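Engineer: My file is model_2.pdb. It has PDB, C-alpha atoms and all ligand atoms:
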ATOM      1  CA  LYS A   1       0.466   7.417 -22.946
ATOM      2  CA  SER A   2       1.466   4.134 -21.371
ATOM      3  CA  ASN A   3       4.778   5.318 -20.035
ATOM      4  CA  GLY A   4       4.437   3.375 -16.809
ATOM      5  CA  SER A   5       5.034   6.356 -14.563
ATOM      6  CA  ASP A   6       3.462   6.466 -11.122
ATOM      7  CA  LEU A   7      -0.050   7.854 -11.335
ATOM      8  CA  LEU A   8      -0.667   7.288  -7.627
ATOM      9  CA  TYR A   9       1.741   6.364  -4.898
ATOM     10  CA  THR A  10       1.798   6.287  -1.144
ATOM     11  CA  LYS A  11       4.682   6.848   1.208
ATOM     12  CA  ASN A  12       4.627   5.176   4.594
ATOM     13  CA  LEU A  13       0.879   5.294   5.007
ATOM     14  CA  PHE A  14      -0.459   4.539   8.498
ATOM     15  CA  LYS A  15      -4.023   4.149   9.706
ATOM     16  CA  PHE A  16      -4.991   3.198  13.236
ATOM     17  CA  PHE A  17      -8.394   2.191  14.585
ATOM     18  CA  ASP A  18      -8.222   2.465  18.358
ATOM     19  CA  GLY A  19      -5.145   0.417  18.989
ATOM     20  CA  LEU A  20      -5.384  -1.603  15.779
ATOM     21  CA  THR A  21      -2.869  -0.844  13.048
ATOM     22  CA  ALA A  22      -4.896  -1.215   9.863
ATOM     23  CA  LEU A  23      -2.187   0.313   7.645
ATOM     24  CA  ASN A  24       1.353  -0.169   8.848
ATOM     25  CA  GLY A  25       3.562   2.047   6.684
ATOM     26  CA  VAL A  26       2.175   1.092   3.283
ATOM     27  CA  ASN A  27       4.062   1.998   0.093
ATOM     28  CA  ILE A  28       2.042   1.171  -3.011
ATOM     29  CA  ARG A  29       2.597   2.473  -6.527
ATOM     30  CA  VAL A  30      -0.138   2.473  -9.134
ATOM     31  CA  LYS A  31       1.451   2.897 -12.534
ATOM     32  CA  ASP A  32      -0.242   4.952 -15.182
ATOM     33  CA  ASN A  33      -2.309   2.951 -17.663
ATOM     34  CA  ARG A  34      -1.937  -0.316 -15.783
ATOM     35  CA  VAL A  35      -4.208  -2.603 -13.794
ATOM     36  CA  THR A  36      -2.849  -2.955 -10.266
ATOM     37  CA  LEU A  37      -4.327  -5.585  -7.951
ATOM     38  CA  ILE A  38      -4.213  -5.720  -4.161
ATOM     39  CA  ILE A  39      -4.788  -9.104  -2.565
ATOM     40  CA  GLY A  40      -4.535 -10.412   0.973
ATOM     41  CA  PRO A  41      -6.552 -12.237   3.620
ATOM     42  CA  ASN A  42      -9.628 -10.669   5.194
ATOM     43  CA  GLY A  43      -8.720  -7.862   7.543
ATOM     44  CA  SER A  44      -5.315  -7.240   5.974
ATOM     45  CA  GLY A  45      -6.081  -3.575   5.233
ATOM     46  CA  LYS A  46      -7.027  -3.598   1.539
ATOM     47  CA  THR A  47     -10.299  -1.701   1.903
ATOM     48  CA  THR A  48      -8.740   0.653   4.438
ATOM     49  CA  PHE A  49      -6.054   1.427   1.883
ATOM     50  CA  ILE A  50      -8.458   2.315  -0.905
ATOM     51  CA  ASN A  51     -10.662   4.287   1.475
ATOM     52  CA  THR A  52      -7.640   6.255   2.664
ATOM     53  CA  VAL A  53      -6.252   7.109  -0.773
ATOM     54  CA  SER A  54      -9.715   8.147  -1.973
ATOM     55  CA  GLY A  55     -10.229  10.405   1.058
ATOM     56  CA  PHE A  56     -12.990   8.464   2.799
ATOM     57  CA  TYR A  57     -10.650   7.704   5.711
ATOM     58  CA  LYS A  58      -8.028  10.092   7.078
ATOM     59  CA  ALA A  59      -4.445   8.842   7.124
ATOM     60  CA  ASP A  60      -2.798   9.070  10.532
ATOM     61  CA  GLU A  61       0.705   9.241   9.082
ATOM     62  CA  GLY A  62       2.301   9.165   5.670
ATOM     63  CA  HIS A  63       1.528  10.645   2.285
ATOM     64  CA  VAL A  64      -0.541  10.031  -0.828
ATOM     65  CA  TYR A  65       0.527  11.480  -4.186
ATOM     66  CA  PHE A  66      -1.507  11.607  -7.378
ATOM     67  CA  GLU A  67       0.038  12.873 -10.621
ATOM     68  CA  GLY A  68       2.971  14.068  -8.555
ATOM     69  CA  LEU A  69       0.880  16.242  -6.239
ATOM     70  CA  GLU A  70       0.210  15.501  -2.607
ATOM     71  CA  ILE A  71      -3.455  14.705  -1.970
ATOM     72  CA  THR A  72      -3.105  13.292   1.535
ATOM     73  CA  ASN A  73      -6.298  13.740   3.555
ATOM     74  CA  LYS A  74      -8.000  15.952   1.024
ATOM     75  CA  PRO A  75     -11.779  15.615   1.187
ATOM     76  CA  PRO A  76     -13.261  12.901  -1.034
ATOM     77  CA  HIS A  77     -14.943  15.314  -3.457
ATOM     78  CA  GLU A  78     -11.635  17.071  -4.128
ATOM     79  CA  ILE A  79      -9.841  13.802  -4.750
ATOM     80  CA  TYR A  80     -12.729  12.804  -7.006
ATOM     81  CA  GLN A  81     -12.416  16.052  -8.953
ATOM     82  CA  ASN A  82      -8.716  15.321  -9.386
ATOM     83  CA  GLY A  83      -9.688  12.175 -11.282
ATOM     84  CA  ILE A  84      -9.729   9.364  -8.738
ATOM     85  CA  VAL A  85     -13.038   7.542  -8.700
ATOM     86  CA  ARG A  86     -13.711   4.811  -6.197
ATOM     87  CA  THR A  87     -16.733   2.908  -7.395
ATOM     88  CA  PHE A  88     -19.504   2.153  -4.952
ATOM     89  CA  GLN A  89     -22.402  -0.200  -4.957
ATOM     90  CA  ILE A  90     -25.371   1.687  -6.344
ATOM     91  CA  PRO A  91     -27.119   2.863  -3.164
ATOM     92  CA  GLN A  92     -30.795   2.109  -2.576
ATOM     93  CA  PRO A  93     -32.282   5.501  -3.550
ATOM     94  CA  LEU A  94     -30.475   5.410  -6.892
ATOM     95  CA  LYS A  95     -31.797   1.928  -7.593
ATOM     96  CA  LYS A  96     -35.203   3.515  -8.089
ATOM     97  CA  LEU A  97     -33.780   5.480 -11.014
ATOM     98  CA  THR A  98     -33.228   4.082 -14.468
ATOM     99  CA  VAL A  99     -29.862   2.978 -15.784
ATOM    100  CA  LEU A 100     -29.659   6.079 -17.977
ATOM    101  CA  GLU A 101     -30.570   8.385 -15.117
ATOM    102  CA  ASN A 102     -27.860   6.823 -12.980
ATOM    103  CA  LEU A 103     -25.300   7.811 -15.594
ATOM    104  CA  LEU A 104     -26.688  11.311 -16.062
ATOM    105  CA  ILE A 105     -26.306  12.150 -12.387
ATOM    106  CA  ALA A 106     -22.981  10.350 -11.946
ATOM    107  CA  ASP A 107     -20.955  13.520 -12.047
ATOM    108  CA  TYR A 108     -22.863  14.952  -9.112
ATOM    109  CA  ASN A 109     -22.836  11.853  -7.046
ATOM    110  CA  PRO A 110     -19.326  10.604  -6.347
ATOM    111  CA  GLY A 111     -19.946   8.633  -3.175
ATOM    112  CA  GLU A 112     -22.768   7.263  -1.166
ATOM    113  CA  SER A 113     -23.041  10.359   1.024
ATOM    114  CA  VAL A 114     -24.684  12.990  -1.147
ATOM    115  CA  VAL A 115     -27.433  10.808  -2.555
ATOM    116  CA  GLY A 116     -30.576  12.665  -3.329
ATOM    117  CA  SER A 117     -29.347  16.151  -2.649
ATOM    118  CA  LEU A 118     -28.853  16.951  -6.315
ATOM    119  CA  LEU A 119     -31.597  14.883  -7.854
ATOM    120  CA  PRO A 120     -33.879  17.791  -8.819
ATOM    121  CA  GLY A 121     -31.073  19.193 -10.942
ATOM    122  CA  TRP A 122     -30.584  16.181 -13.123
ATOM    123  CA  LYS A 123     -33.572  16.950 -15.314
ATOM    124  CA  LYS A 124     -31.662  19.861 -16.779
ATOM    125  CA  TYR A 125     -29.257  17.568 -18.549
ATOM    126  CA  GLU A 126     -28.083  18.518 -21.955
ATOM    127  CA  GLU A 127     -28.389  16.413 -25.046
ATOM    128  CA  ASP A 128     -24.699  15.765 -25.333
ATOM    129  CA  LEU A 129     -24.709  14.352 -21.833
ATOM    130  CA  VAL A 130     -27.402  11.881 -22.885
ATOM    131  CA  GLU A 131     -25.434  11.026 -25.992
ATOM    132  CA  ARG A 132     -22.327  10.426 -23.910
ATOM    133  CA  ALA A 133     -24.330   8.250 -21.551
ATOM    134  CA  PHE A 134     -25.594   6.141 -24.443
ATOM    135  CA  ASP A 135     -22.063   5.758 -25.791
ATOM    136  CA  VAL A 136     -21.013   4.498 -22.368
ATOM    137  CA  LEU A 137     -23.946   2.072 -22.206
ATOM    138  CA  LYS A 138     -23.167   0.742 -25.686
ATOM    139  CA  PHE A 139     -19.528   0.272 -24.756
ATOM    140  CA  LEU A 140     -20.606  -1.675 -21.669
ATOM    141  CA  LYS A 141     -23.155  -3.596 -23.762
ATOM    142  CA  ILE A 142     -26.018  -2.662 -21.471
ATOM    143  CA  ASP A 143     -27.634  -0.043 -23.708
ATOM    144  CA  HIS A 144     -30.689  -2.268 -24.103
ATOM    145  CA  LEU A 145     -31.253  -1.799 -20.367
ATOM    146  CA  TRP A 146     -31.204   2.011 -20.483
ATOM    147  CA  ASP A 147     -34.808   2.405 -19.315
ATOM    148  CA  ASN A 148     -34.713  -0.356 -16.687
ATOM    149  CA  LEU A 149     -34.746   0.604 -13.067
ATOM    150  CA  ALA A 150     -31.374  -0.136 -11.523
ATOM    151  CA  TYR A 151     -32.881  -2.521  -8.995
ATOM    152  CA  GLN A 152     -33.955  -4.789 -11.859
ATOM    153  CA  LEU A 153     -30.330  -5.398 -12.844
ATOM    154  CA  SER A 154     -28.308  -8.442 -11.877
ATOM    155  CA  GLY A 155     -25.271  -8.061  -9.633
ATOM    156  CA  GLY A 156     -22.924  -8.133 -12.609
ATOM    157  CA  GLN A 157     -24.958  -5.619 -14.582
ATOM    158  CA  LEU A 158     -24.842  -3.317 -11.550
ATOM    159  CA  LYS A 159     -21.052  -3.587 -11.544
ATOM    160  CA  LEU A 160     -21.053  -2.524 -15.195
ATOM    161  CA  LEU A 161     -23.263   0.404 -14.252
ATOM    162  CA  GLU A 162     -20.763   1.364 -11.542
ATOM    163  CA  ILE A 163     -18.035   1.401 -14.188
ATOM    164  CA  GLY A 164     -20.302   3.435 -16.432
ATOM    165  CA  ARG A 165     -20.802   6.000 -13.696
ATOM    166  CA  ALA A 166     -17.026   6.310 -13.346
ATOM    167  CA  MET A 167     -16.723   6.750 -17.124
ATOM    168  CA  MET A 168     -19.173   9.641 -17.053
ATOM    169  CA  THR A 169     -16.748  11.598 -14.892
ATOM    170  CA  ASP A 170     -13.245  12.675 -15.799
ATOM    171  CA  ALA A 171     -11.792   9.696 -14.012
ATOM    172  CA  LYS A 172      -8.171   8.795 -14.687
ATOM    173  CA  LEU A 173      -7.879   6.230 -11.934
ATOM    174  CA  ILE A 174     -10.787   3.901 -11.232
ATOM    175  CA  ILE A 175     -10.616   2.097  -7.909
ATOM    176  CA  MET A 176     -12.841  -0.964  -7.572
ATOM    177  CA  ASP A 177     -13.462  -3.112  -4.513
ATOM    178  CA  GLU A 178     -14.297  -6.618  -5.716
ATOM    179  CA  PRO A 179     -15.473  -5.913  -9.278
ATOM    180  CA  VAL A 180     -16.386  -9.542  -9.963
ATOM    181  CA  ALA A 181     -17.236 -10.931  -6.511
ATOM    182  CA  GLY A 182     -20.502 -12.832  -6.662
ATOM    183  CA  VAL A 183     -20.811 -12.348 -10.416
ATOM    184  CA  ASN A 184     -21.316 -15.348 -12.683
ATOM    185  CA  PRO A 185     -18.182 -16.240 -14.683
ATOM    186  CA  VAL A 186     -19.584 -15.174 -18.058
ATOM    187  CA  LEU A 187     -20.553 -11.711 -16.883
ATOM    188  CA  ALA A 188     -17.362 -11.511 -14.815
ATOM    189  CA  LYS A 189     -15.337 -12.018 -17.975
ATOM    190  CA  SER A 190     -17.384  -9.359 -19.701
ATOM    191  CA  ILE A 191     -16.654  -6.901 -16.862
ATOM    192  CA  LEU A 192     -12.934  -7.685 -16.984
ATOM    193  CA  ASP A 193     -12.882  -7.362 -20.788
ATOM    194  CA  ARG A 194     -14.401  -3.889 -20.444
ATOM    195  CA  ILE A 195     -11.685  -2.999 -17.927
ATOM    196  CA  LYS A 196      -9.085  -4.199 -20.415
ATOM    197  CA  GLU A 197     -10.597  -2.062 -23.181
ATOM    198  CA  LEU A 198     -10.731   0.947 -20.878
ATOM    199  CA  LYS A 199      -7.064   0.413 -20.136
ATOM    200  CA  ALA A 200      -6.435   0.543 -23.884
ATOM    201  CA  ARG A 201      -8.245   3.887 -23.851
ATOM    202  CA  GLY A 202      -5.855   5.223 -21.221
ATOM    203  CA  TYR A 203      -7.576   4.471 -17.936
ATOM    204  CA  THR A 204      -5.727   3.171 -14.893
ATOM    205  CA  PHE A 205      -7.230   0.689 -12.442
ATOM    206  CA  LEU A 206      -6.624  -0.220  -8.832
ATOM    207  CA  ILE A 207      -8.572  -3.318  -7.890
ATOM    208  CA  VAL A 208      -9.152  -5.399  -4.795
ATOM    209  CA  GLU A 209     -10.454  -8.862  -5.693
ATOM    210  CA  HIS A 210     -10.418 -12.360  -4.243
ATOM    211  CA  ARG A 211     -11.355 -14.177  -7.449
ATOM    212  CA  LEU A 212      -7.755 -14.588  -8.568
ATOM    213  CA  ASP A 213      -8.653 -17.281 -11.108
ATOM    214  CA  LEU A 214     -10.700 -14.683 -12.981
ATOM    215  CA  VAL A 215      -8.688 -11.487 -12.549
ATOM    216  CA  LEU A 216      -5.049 -12.571 -12.850
ATOM    217  CA  PRO A 217      -5.006 -12.654 -16.676
ATOM    218  CA  TYR A 218      -6.054  -8.994 -16.670
ATOM    219  CA  VAL A 219      -3.646  -7.718 -14.050
ATOM    220  CA  ASP A 220      -0.263  -6.055 -14.639
ATOM    221  CA  TYR A 221       1.089  -5.859 -11.095
ATOM    222  CA  ILE A 222       0.130  -7.278  -7.723
ATOM    223  CA  TYR A 223       0.559  -6.165  -4.113
ATOM    224  CA  VAL A 224      -0.017  -8.639  -1.299
ATOM    225  CA  MET A 225      -1.060  -7.303   2.077
ATOM    226  CA  ALA A 226      -1.144  -9.012   5.461
ATOM    227  CA  ASN A 227      -1.819  -7.375   8.833
ATOM    228  CA  GLY A 228      -1.679  -3.862   7.401
ATOM    229  CA  SER A 229       1.654  -4.310   5.603
ATOM    230  CA  VAL A 230       2.674  -5.059   2.045
ATOM    231  CA  ILE A 231       4.421  -8.440   2.276
ATOM    232  CA  ALA A 232       5.108  -8.936  -1.432
ATOM    233  CA  GLU A 233       4.764  -7.186  -4.766
ATOM    234  CA  GLY A 234       5.471  -8.130  -8.333
ATOM    235  CA  VAL A 235       4.057  -9.746 -11.421
ATOM    236  CA  GLU A 236       1.929 -12.884 -11.238
ATOM    237  CA  GLU A 237       4.824 -15.385 -11.560
ATOM    238  CA  ASP A 238       6.735 -13.771  -8.683
ATOM    239  CA  ILE A 239       3.733 -13.512  -6.405
ATOM    240  CA  MET A 240       2.405 -17.011  -6.972
ATOM    241  CA  SER A 241       5.791 -18.575  -6.207
ATOM    242  CA  ASN A 242       6.489 -16.346  -3.176
ATOM    243  CA  ARG A 243       6.881 -18.475  -0.066
ATOM    244  CA  GLU A 244       5.554 -15.843   2.322
ATOM    245  CA  VAL A 245       2.474 -15.282   0.170
ATOM    246  CA  ILE A 246       1.758 -18.998   0.044
ATOM    247  CA  GLU A 247       2.110 -19.248   3.830
ATOM    248  CA  VAL A 248      -0.240 -16.325   4.409
ATOM    249  CA  TYR A 249      -2.877 -17.947   2.223
ATOM    250  CA  LEU A 250      -2.493 -21.448   3.578
ATOM    251  CA  GLY A 251      -2.597 -20.102   7.116
ATOM    252  CA  ASP A 252      -5.770 -18.150   6.458
TER     253      ASP A 252
HETATM  254  P1  LIG A 301      -9.600  -6.054   4.152
HETATM  255  O1  LIG A 301     -10.230  -5.094   3.204
HETATM  256  O2  LIG A 301      -8.233  -6.484   3.719
HETATM  257  O3  LIG A 301     -10.472  -7.229   4.479
HETATM  258  P2  LIG A 301      -9.955  -3.920   6.057
HETATM  259  O4  LIG A 301      -9.187  -2.784   5.504
HETATM  260  O5  LIG A 301     -11.423  -3.926   5.866
HETATM  261  O6  LIG A 301      -9.327  -5.294   5.526
HETATM  262  O7  LIG A 301      -9.682  -4.017   7.612
HETATM  263  C1  LIG A 301      -8.383  -3.942   8.179
HETATM  264  C2  LIG A 301      -8.534  -3.884   9.681
HETATM  265  O8  LIG A 301      -9.061  -2.608  10.052
HETATM  266  C3  LIG A 301      -9.491  -4.932  10.228
HETATM  267  O9  LIG A 301      -9.002  -5.386  11.456
HETATM  268  C4  LIG A 301     -10.774  -4.150  10.409
HETATM  269  O10 LIG A 301     -11.550  -4.690  11.444
HETATM  270  C5  LIG A 301     -10.266  -2.773  10.763
HETATM  271  N1  LIG A 301     -11.186  -1.710  10.326
HETATM  272  C6  LIG A 301     -11.482  -1.395   9.043
HETATM  273  N2  LIG A 301     -12.328  -0.354   9.013
HETATM  274  C7  LIG A 301     -12.584  -0.010  10.295
HETATM  275  C8  LIG A 301     -13.376   1.000  10.934
HETATM  276  N3  LIG A 301     -14.099   1.879  10.214
HETATM  277  N4  LIG A 301     -13.384   1.039  12.290
HETATM  278  C9  LIG A 301     -12.648   0.185  13.014
HETATM  279  N5  LIG A 301     -11.881  -0.785  12.488
HETATM  280  C10 LIG A 301     -11.842  -0.883  11.145
END
Hey, can you dump this file as structure tokens for me?
Ligand code: ADP
Structural biologist:
Amino acid sequence: KSNGSDLLYTKNLFKFFDGLTALNGVNIRVKDNRVTLIIGPNGSGKTTFINTVSGFYKADEGHVYFEGLEITNKPPHEIYQNGIVRTFQIPQPLKKLTVLENLLIADYNPGESVVGSLLPGWKKYEEDLVERAFDVLKFLKIDHLWDNLAYQLSGGQLKLLEIGRAMMTDAKLIIMDEPVAGVNPVLAKSILDRIKELKARGYTFLIVEHRLDLVLPYVDYIYVMANGSVIAEGVEEDIMSNREVIEVYLGD
């Protein structure tokens, strides 16, 4: 499975916010069954990029391809059904549900927008869905928390729940904005170890994260953005010795 082909790639992606060029012709390739990391100073366009490829923002120019098919500017739910899941912080209404319930409704609740609209339906879950949810919780090592309300979880446990919600769908590519930001190092390592195991199971990850000390050992390929452009790409050794990258970070 790990043939290293492009699962997702963009061609000359542009995004403007009245006069500001947030994406300036971005070409990024996310290889199948790899962990790809995007780094860059605040405001460099990382979040705009992941929002655009997942359909939450419309691209102004350029193209997005997933599994060889163009998905540019498709609505988020269609992109989600294709197998791209961008994880979101568990929104407030869902924090009043238990951990298990959050997994059971995951399939119906891709983003933050449709919260609540499908809640009455979740009670009709089937037993195999519950079994799958428990398998996911065991894998994430949070099965003991199944009956806790989500708001009782720590920040790191919530991140694991976000991953669990992605696992409950048919996700191929999981996109995560800051999976370990603000998480204590022990739990952060646990989150990253789960990502590594999911990679071994065939998942692909695209991650934005500032905690390089924690994530670099888990990452296969890195893109560096500055002012809406990719200024460097490569493996860790290349990126960390790249003069332009060093300047961008020192100048930040
Ligand atoms: P990063 O994730 O690298 O910190 P962002 O993608 O959030 O950067 O932002 C890139 C630029 O686009 C910033 O100048 C930011 O202010 C701008 N931007 C992002 N989202 C919006 C938006 N919804 N409306 C207007 N400007 C935005």
Engineer: Exactly which residues make up the result of the PyMOL selection byres (((chain A and resi 210-222) around 8) and not hetatm) on this file, given as a compact mmCIF listing (two decimals) with C-alpha atoms, in the frame of the given file?
Structural biologist:
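Saved result, part_27.txt, follows:
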# COMPACT_ATOMS: atom_id res chain seq x y z
CA ARG A 34 -1.94 -0.32 -15.78
CA VAL A 35 -4.21 -2.60 -13.79
CA THR A 36 -2.85 -2.96 -10.27
CA LEU A 37 -4.33 -5.58 -7.95
CA ILE A 38 -4.21 -5.72 -4.16
CA ILE A 39 -4.79 -9.10 -2.56
CA GLU A 178 -14.30 -6.62 -5.72
CA VAL A 180 -16.39 -9.54 -9.96
CA ALA A 181 -17.24 -10.93 -6.51
CA PRO A 185 -18.18 -16.24 -14.68
CA ALA A 188 -17.36 -11.51 -14.82
CA LYS A 189 -15.34 -12.02 -17.98
CA LEU A 192 -12.93 -7.68 -16.98
CA LYS A 196 -9.09 -4.20 -20.42
CA VAL A 208 -9.15 -5.40 -4.80
CA GLU A 209 -10.45 -8.86 -5.69
CA TYR A 223 0.56 -6.16 -4.11
CA VAL A 224 -0.02 -8.64 -1.30
CA GLU A 233 4.76 -7.19 -4.77
CA GLY A 234 5.47 -8.13 -8.33
CA VAL A 235 4.06 -9.75 -11.42
CA GLU A 236 1.93 -12.88 -11.24
CA ILE A 239 3.73 -13.51 -6.40
Engineer: Counting all atoms listed in the file, what are the residues, protein, DNA or RNA alike, that approach ligand LIG 301 (chain A) to within 12 Å? I want them as a ChimeraX atom specification.
Structural biologist: /A:14-24,38-52,56-58,176-178,207-210,223-230
Engineer: Could you take the residues named above and write them with C-alpha atoms, as a JSON list (two decimals), in the coordinates of the input?
Structural biologist:
[["chain", "number", "residue", "atom", "x", "y", "z"],
["A", 14, "PHE", "CA", -0.46, 4.54, 8.50],
["A", 15, "LYS", "CA", -4.02, 4.15, 9.71],
["A", 16, "PHE", "CA", -4.99, 3.20, 13.24],
["A", 17, "PHE", "CA", -8.39, 2.19, 14.58],
["A", 18, "ASP", "CA", -8.22, 2.46, 18.36],
["A", 19, "GLY", "CA", -5.14, 0.42, 18.99],
["A", 20, "LEU", "CA", -5.38, -1.60, 15.78],
["A", 21, "THR", "CA", -2.87, -0.84, 13.05],
["A", 22, "ALA", "CA", -4.90, -1.22, 9.86],
["A", 23, "LEU", "CA", -2.19, 0.31, 7.64],
["A", 24, "ASN", "CA", 1.35, -0.17, 8.85],
["A", 38, "ILE", "CA", -4.21, -5.72, -4.16],
["A", 39, "ILE", "CA", -4.79, -9.10, -2.56],
["A", 40, "GLY", "CA", -4.54, -10.41, 0.97],
["A", 41, "PRO", "CA", -6.55, -12.24, 3.62],
["A", 42, "ASN", "CA", -9.63, -10.67, 5.19],
["A", 43, "GLY", "CA", -8.72, -7.86, 7.54],
["A", 44, "SER", "CA", -5.32, -7.24, 5.97],
["A", 45, "GLY", "CA", -6.08, -3.58, 5.23],
["A", 46, "LYS", "CA", -7.03, -3.60, 1.54],
["A", 47, "THR", "CA", -10.30, -1.70, 1.90],
["A", 48, "THR", "CA", -8.74, 0.65, 4.44],
["A", 49, "PHE", "CA", -6.05, 1.43, 1.88],
["A", 50, "ILE", "CA", -8.46, 2.32, -0.90],
["A", 51, "ASN", "CA", -10.66, 4.29, 1.48],
["A", 52, "THR", "CA", -7.64, 6.26, 2.66],
["A", 56, "PHE", "CA", -12.99, 8.46, 2.80],
["A", 57, "TYR", "CA", -10.65, 7.70, 5.71],
["A", 58, "LYS", "CA", -8.03, 10.09, 7.08],
["A", 176, "MET", "CA", -12.84, -0.96, -7.57],
["A", 177, "ASP", "CA", -13.46, -3.11, -4.51],
["A", 178, "GLU", "CA", -14.30, -6.62, -5.72],
["A", 207, "ILE", "CA", -8.57, -3.32, -7.89],
["A", 208, "VAL", "CA", -9.15, -5.40, -4.80],
["A", 209, "GLU", "CA", -10.45, -8.86, -5.69],
["A", 210, "HIS", "CA", -10.42, -12.36, -4.24],
["A", 223, "TYR", "CA", 0.56, -6.16, -4.11],
["A", 224, "VAL", "CA", -0.02, -8.64, -1.30],
["A", 225, "MET", "CA", -1.06, -7.30, 2.08],
["A", 226, "ALA", "CA", -1.14, -9.01, 5.46],
["A", 227, "ASN", "CA", -1.82, -7.38, 8.83],
["A", 228, "GLY", "CA", -1.68, -3.86, 7.40],
["A", 229, "SER", "CA", 1.65, -4.31, 5.60],
["A", 230, "VAL", "CA", 2.67, -5.06, 2.04]]
Engineer: For the structure provided, state which residues fall under the PyMOL selection byres (((chain A and resi 4-7) around 7) and not hetatm), and present them as a list in words.
Structural biologist: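 Output from the PyMOL selection byres (((chain A and resi 4-7) around 7) and not hetatm), applied to this file: Ser2, Asn3, Leu8, Tyr9, Arg29, Val30, Lys31, Asp32, Asn33, Phe66 and Glu67 of chain A.
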Engineer: Enter the distance from atom CA of A:Val136 to atom CA of A:Val99, in Å, rounded to one decimal.
Structural biologist: 11.1 Å
Engineer: What lies within 6 Å of A:Thr98 using all atoms listed in the file, ignoring chain neighbours under 5 positions off, as a PyMOL selection string?
Structural biologist: chain A and resi 147-150
Engineer: My list of candidates is A:Gly83, A:Asp143, A:Leu137, A:Pro91. Which is closest to A:Thr169 when distances are computed with all atoms listed in the file?
Structural biologist: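 Going through A:Gly83, A:Asp143, A:Leu137, A:Pro91 one by one, the smallest distance to A:Thr169 is for A:Gly83.
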Engineer: Scan for residues within 12 Å of the point (-4.6, 14.9, -6.4) in the coordinates of the file, using all atoms listed in the file, and reply as a PyMOL selection string.
Structural biologist: chain A and resi 7-10+53-55+63-85+171-173
Engineer: Which residue out of A:Pro179, A:Gly202, A:Glu244, A:Asp135 has the minimum interatomic distance to A:Gly155 when all atoms listed in the file are used?
Structural biologist: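 For A:Gly155, the nearest of the given residues is A:Pro179.
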Engineer: So the first atom is atom CA of A:Glu247 and the second is atom CA of A:Leu206; what is the distance between them in Å, to one decimal place?
Structural biologist: 24.5 Å
Engineer: Could you work out how far atom CA of A:Gln157 lies from atom CA of A:Phe88, giving the answer in Å with one decimal?
Structural biologist: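 Pair atom CA of A:Phe88 / atom CA of A:Gln157 returns 13.5 Å.
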Engineer: Given the file shown, enumerate the residues that the PyMOL selection byres (((chain A and resi 159) around 9) and not hetatm) captures and present them as an MDAnalysis selection string.
Structural biologist: chainID A and resid 87:90 154:158 160:164 179:180 183 191
Engineer: Ranking A:Leu140, A:Ile174, A:Met240, A:Val186 by minimum distance to A:Lys199 and counting all atoms listed in the file, which one comes first?
Structural biologist: A:Ile174
Engineer: Do you know which residues are at most 10 Å from A:Trp146 counting only C-alpha atoms, after dropping those on the same chain fewer than 5 positions away, and could you put them as a PyMOL selection string?
Structural biologist: chain A and resi 98-103+133-134+137-138
